[in-house]
Amino acid sequence: MDRLSQMLQKFAMIAVFFICAMSSFAFSYAATIDDSVLQDAKLVSDDDNTIQVDNQVMIVADLSNGQDRDQKFAYIVQIHNENDIVVSLSWLTGNLSPYQTFSPAQSWTPTQAGTYTVQIFVWESVDSPTPLSRPLLLTVNVAEAEI
């Protein structure tokens, strides 16, 4: 091989190595769905046995960052009624430190009796709907307020 071909071959090998190294670096720092865990969703209210119309309830779940770096997140709560119509959508955003566990809560005050589905999501941000964990579902039965 002539000198130019040898130089081009070395350059190509270095370029391939560099691209592979950078790709590996990028993938090692990209959050995966298993790095953040959302679990133990529950409802918290004054009366733990019954959720009633016009009484506030807190929707709480445990969120853990299983990475060795900070992770931004958006904790999103969406509530559907029996007709699959969204009756509430709320979120909060934050940053979890490495290996930190946090229990975010969003409040909801039902205005009608019925059966509702609560969906809880954790995304990178509200603008970037990349899931950081699998969503959680809760079914909530709301009773008329007792007089």
# chains A, B, ... in the order shown; residues from 1 in each chain; ligands from 1

$ residues_around --residues "A:Asp54" --least-positions-apart "4" --cutoff "12 Å" --atoms "only C-alpha atoms" --output "list in words"
Ser45, Ser107, Trp108, Thr109, Pro110, Thr111, Gln112, Ala113, Val142, Ala143, Glu144, Ala145, Glu146 and Ile147 of chain A

$ select_by_dssp --residues "stretch 71-114 of chain A" --states "strand (DSSP E or B)" --output "ChimeraX atom specification"
/A:71-80,86-96,101-102,105-108,114

$ residues_around --residues "A:Val60" --least-positions-apart "3" --cutoff "12 Å" --atoms "only C-alpha atoms" --output "number ranges by chain"
A: 38-45, 57, 63, 75-77, 91, 102-108, 118-121, 136-138

$ closest_residue --among "A:Tyr116, A:Pro129, A:Ala61, A:Asp68" --to "A:Asp84" --atoms "only C-alpha atoms"
A:Tyr116

$ closest_residue --among "A:Asp70, A:Pro135, A:Ser88, A:Thr50" --to "A:Trp123" --atoms "only C-alpha atoms"
A:Pro135

$ closest_residue --among "A:Asn95, A:Gln56, A:Asn81, A:Asn141" --to "A:Glu124" --atoms "only C-alpha atoms"
A:Asn95

$ residues_around --residues "A:Pro98" --least-positions-apart "2" --cutoff "9 Å" --atoms "only C-alpha atoms" --output "MDAnalysis selection string"
chainID A and resid 65:71 96 100

$ atom_distance --atom1 "atom CA of A:Thr115" --atom2 "atom CA of A:Thr139"
7.0 Å
